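Notes follow the structure.
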Amino acid sequence: MGLKEMTRSKELKVGNFIVEFATPGIGHILKAAGLDFAFFDMEHSGFSFETLKSAVRYFEAAGVPVIVRVPALENDMLARACDMGAEGLLAPMISTAAQAQAMVDSVKYFPDGKRGVGLQMAHDNYRAAPVAEALAAANARTTVICLIETAEGAENVDAIAAVKGVDALWVGHFDLSVSLGIPGEFSHPKFAAAMDRIMAAAKKHGKSLGRLVPGTDQGIAFYKQGFDFICYSGDIWVLRDGLAAAAKTIRDGVQS
């Protein structure tokens with residue numbers, strides 16, 4: 001199932017945040033783990049577009065849809081990620097409907113947007129096709145996900161979700177808490193109110209809703225609240241925490 005189809009259902013989708021390991025086997029590792037999607041981060045990782053171009057192929061080979069977060073809401077970054085084959089696009093700090101529309105314009109071809117045309121390249125598997133057919137296929141596949149992580153974005157989320165071409169909303173919980181002036185205070189009434197607005201907008205406009213979660217209990221709880229894209233932890237922390245737990249168990253065992 002492609003990412004676009006996933007956003008048309010509220011069934012649970014579980015993924016992993018890729019911020020360190022763009023290795024050739026990463027797609028197959030996620031697939032073998034039973035995951036549904038990957039969240040490939042270019043904002044905080046330092047991954048280049050050349051790395052992205054290779055990584056997309058790794059995920060594609062394993063049949064794992066990938067959401068790509070570009071470093072900024074810039075046309076050249078979004079369009080270039082599309083040209084590299086990104087199926088889902090996410091840009092930081094979408095705070096207004098105009099910014100959401102700018103995302104759509106950057107990643108959709110005419111008549112749905114203003115993306116510059118480059119065909120028979122990575123994103124369409126180098127295949128030749130009639131121009132109108134190729135543009136329509138790209139528009140149908142490309143998935144727009146708006147990252148709500150500012151107080152302004154939470155305030156304007158209903159208008160953002162209403163923009164034609166937006167497929168899903170994503171909560172950036174840490175940045176949202178900082179923007180609200182309550183860093184890391186996720187139980188604060190201001191944060192809860194912002195979350196309620198986001199969840200209500202997603203439900204009202206029939207949009208999928210996603211976020212990162214640090215643990216399985218949180219993933220279950222957020223799914224029950226209406227989040228259907230649950231991105232469990234990240235490659236760094238899964239490896240670090242798994243190794244730390246195993247090392248502690250071995251050390252404690254040999255000392256007993």
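Ordered as shown in the structure tokens, chains take letters A, B, and onward, while each chain numbers its residues from 1 and ligands are numbered from 1 in the order shown.
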Please run DSSP on the backbone and report, as a ChimeraX atom specification, all residues within region 15-194 of chain A that come out as strand (DSSP E).
/A:15-18,37-41,66-69,88-91,143-148,168-171
Near Ala38 (chain A), within 12 Å and counting only C-alpha atoms, which residues show up once chain neighbours fewer than 5 positions away are dropped, as an MDAnalysis selection string?
chainID A and resid 3 13:19 21:22 26:31 33 55:56 58:60 62:69 86:89 212 229:235
Selection from above, C-alpha atoms, as a PDB file, in the first residue's frame, can you write it?
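Dumped everything to result.pdb:
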ATOM      1  CA  LEU A   3       1.488   6.347   1.469  1.00  0.00           C
ATOM      2  CA  LYS A  13       0.350   2.653  10.737  1.00  0.00           C
ATOM      3  CA  VAL A  14       3.571   2.145  12.706  1.00  0.00           C
ATOM      4  CA  GLY A  15       6.895   3.578  11.588  1.00  0.00           C
ATOM      5  CA  ASN A  16      10.383   4.542  12.722  1.00  0.00           C
ATOM      6  CA  PHE A  17      12.300   7.828  12.656  1.00  0.00           C
ATOM      7  CA  ILE A  18      15.462   7.589  10.540  1.00  0.00           C
ATOM      8  CA  VAL A  19      17.978  10.231  11.560  1.00  0.00           C
ATOM      9  CA  PHE A  21      21.419   5.125   9.597  1.00  0.00           C
ATOM     10  CA  ALA A  22      20.887   5.558   5.856  1.00  0.00           C
ATOM     11  CA  ILE A  26      17.614   0.002   6.368  1.00  0.00           C
ATOM     12  CA  GLY A  27      14.440  -0.481   4.347  1.00  0.00           C
ATOM     13  CA  HIS A  28      14.566  -4.256   4.654  1.00  0.00           C
ATOM     14  CA  ILE A  29      15.309  -3.994   8.385  1.00  0.00           C
ATOM     15  CA  LEU A  30      12.137  -1.937   8.900  1.00  0.00           C
ATOM     16  CA  LYS A  31      10.170  -4.302   6.679  1.00  0.00           C
ATOM     17  CA  ALA A  33      10.354  -5.656  11.795  1.00  0.00           C
ATOM     18  CA  ALA A  55      17.881   5.984   0.762  1.00  0.00           C
ATOM     19  CA  VAL A  56      14.627   6.308  -1.153  1.00  0.00           C
ATOM     20  CA  TYR A  58      16.542   1.318  -0.170  1.00  0.00           C
ATOM     21  CA  PHE A  59      13.022   1.857   1.152  1.00  0.00           C
ATOM     22  CA  GLU A  60      11.471   1.384  -2.268  1.00  0.00           C
ATOM     23  CA  ALA A  62      11.773  -3.156   0.583  1.00  0.00           C
ATOM     24  CA  GLY A  63       8.292  -1.833  -0.164  1.00  0.00           C
ATOM     25  CA  VAL A  64       8.336   0.651   2.744  1.00  0.00           C
ATOM     26  CA  PRO A  65       6.716   4.040   1.997  1.00  0.00           C
ATOM     27  CA  VAL A  66       8.835   6.949   3.180  1.00  0.00           C
ATOM     28  CA  ILE A  67       7.932  10.369   4.553  1.00  0.00           C
ATOM     29  CA  VAL A  68      10.742  12.889   4.016  1.00  0.00           C
ATOM     30  CA  ARG A  69      11.113  15.948   6.212  1.00  0.00           C
ATOM     31  CA  ALA A  86      10.109  11.089  -1.976  1.00  0.00           C
ATOM     32  CA  GLU A  87       6.557   9.825  -1.687  1.00  0.00           C
ATOM     33  CA  GLY A  88       5.529  11.858   1.350  1.00  0.00           C
ATOM     34  CA  LEU A  89       6.709  15.417   1.971  1.00  0.00           C
ATOM     35  CA  LEU A 212       6.599  10.583  17.121  1.00  0.00           C
ATOM     36  CA  PHE A 229       0.501   7.367  12.024  1.00  0.00           C
ATOM     37  CA  ILE A 230       2.510   6.318  15.069  1.00  0.00           C
ATOM     38  CA  CYS A 231       6.242   6.804  14.561  1.00  0.00           C
ATOM     39  CA  TYR A 232       7.881   4.779  17.312  1.00  0.00           C
ATOM     40  CA  SER A 233      11.225   6.140  18.524  1.00  0.00           C
ATOM     41  CA  GLY A 234      14.171   6.506  16.143  1.00  0.00           C
ATOM     42  CA  ASP A 235      17.050   4.473  14.791  1.00  0.00           C
TER      43      ASP A 235
END
Please, which residues of region 8-151 of chain A, numbered as in this document, come out helix (DSSP H, G or I) from DSSP, as a PyMOL selection string?
chain A and resi 26-32+49-62+75-83+97-107+122-124+131-141+151
Would you pick out the contacts of Gly118 (chain A) at 12 Å or less, using only C-alpha atoms, so that residues sharing its chain but fewer than 4 positions from it are not included, and give the list as a PyMOL selection string?
chain A and resi 79-80+82-85+107-109+122-124+126-128+131+134-135+138
Applying 12 Å and only C-alpha atoms, which residues near Asn156 (chain A) remain after dropping the ones on its own chain fewer than 3 positions away? List them as number ranges by chain.
A: 93-100, 146, 148-153, 159-163, 194, 197-198, 200-201
Who sits within 8 Å of Pro71 (chain A), only C-alpha atoms, same chain under 3 positions skipped, as a compact mmCIF listing (two decimals) with C-alpha atoms, in the first residue's frame:
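Dumped to selection_9.txt:
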# COMPACT_ATOMS: atom_id res chain seq x y z
CA MET A 42 16.74 15.85 6.73
CA GLU A 43 16.13 18.70 9.18
CA HIS A 44 18.24 17.47 12.11
CA MET A 77 14.01 21.68 -1.10
CA ALA A 91 8.24 20.68 5.97
CA PRO A 92 8.89 22.22 9.40
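Closest approach to Glu74 (chain A) among A:Ser106, A:Ser256, A:Gln101, A:Asn139 is made by A:Ser106 (distances from only C-alpha atoms).
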Of the residues A:Gly25, A:Leu12, A:Phe47, A:Asp252, which is the one nearest to Ala61 (chain A), using only C-alpha atoms?
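The closest residue to Ala61 (chain A) is A:Gly25.
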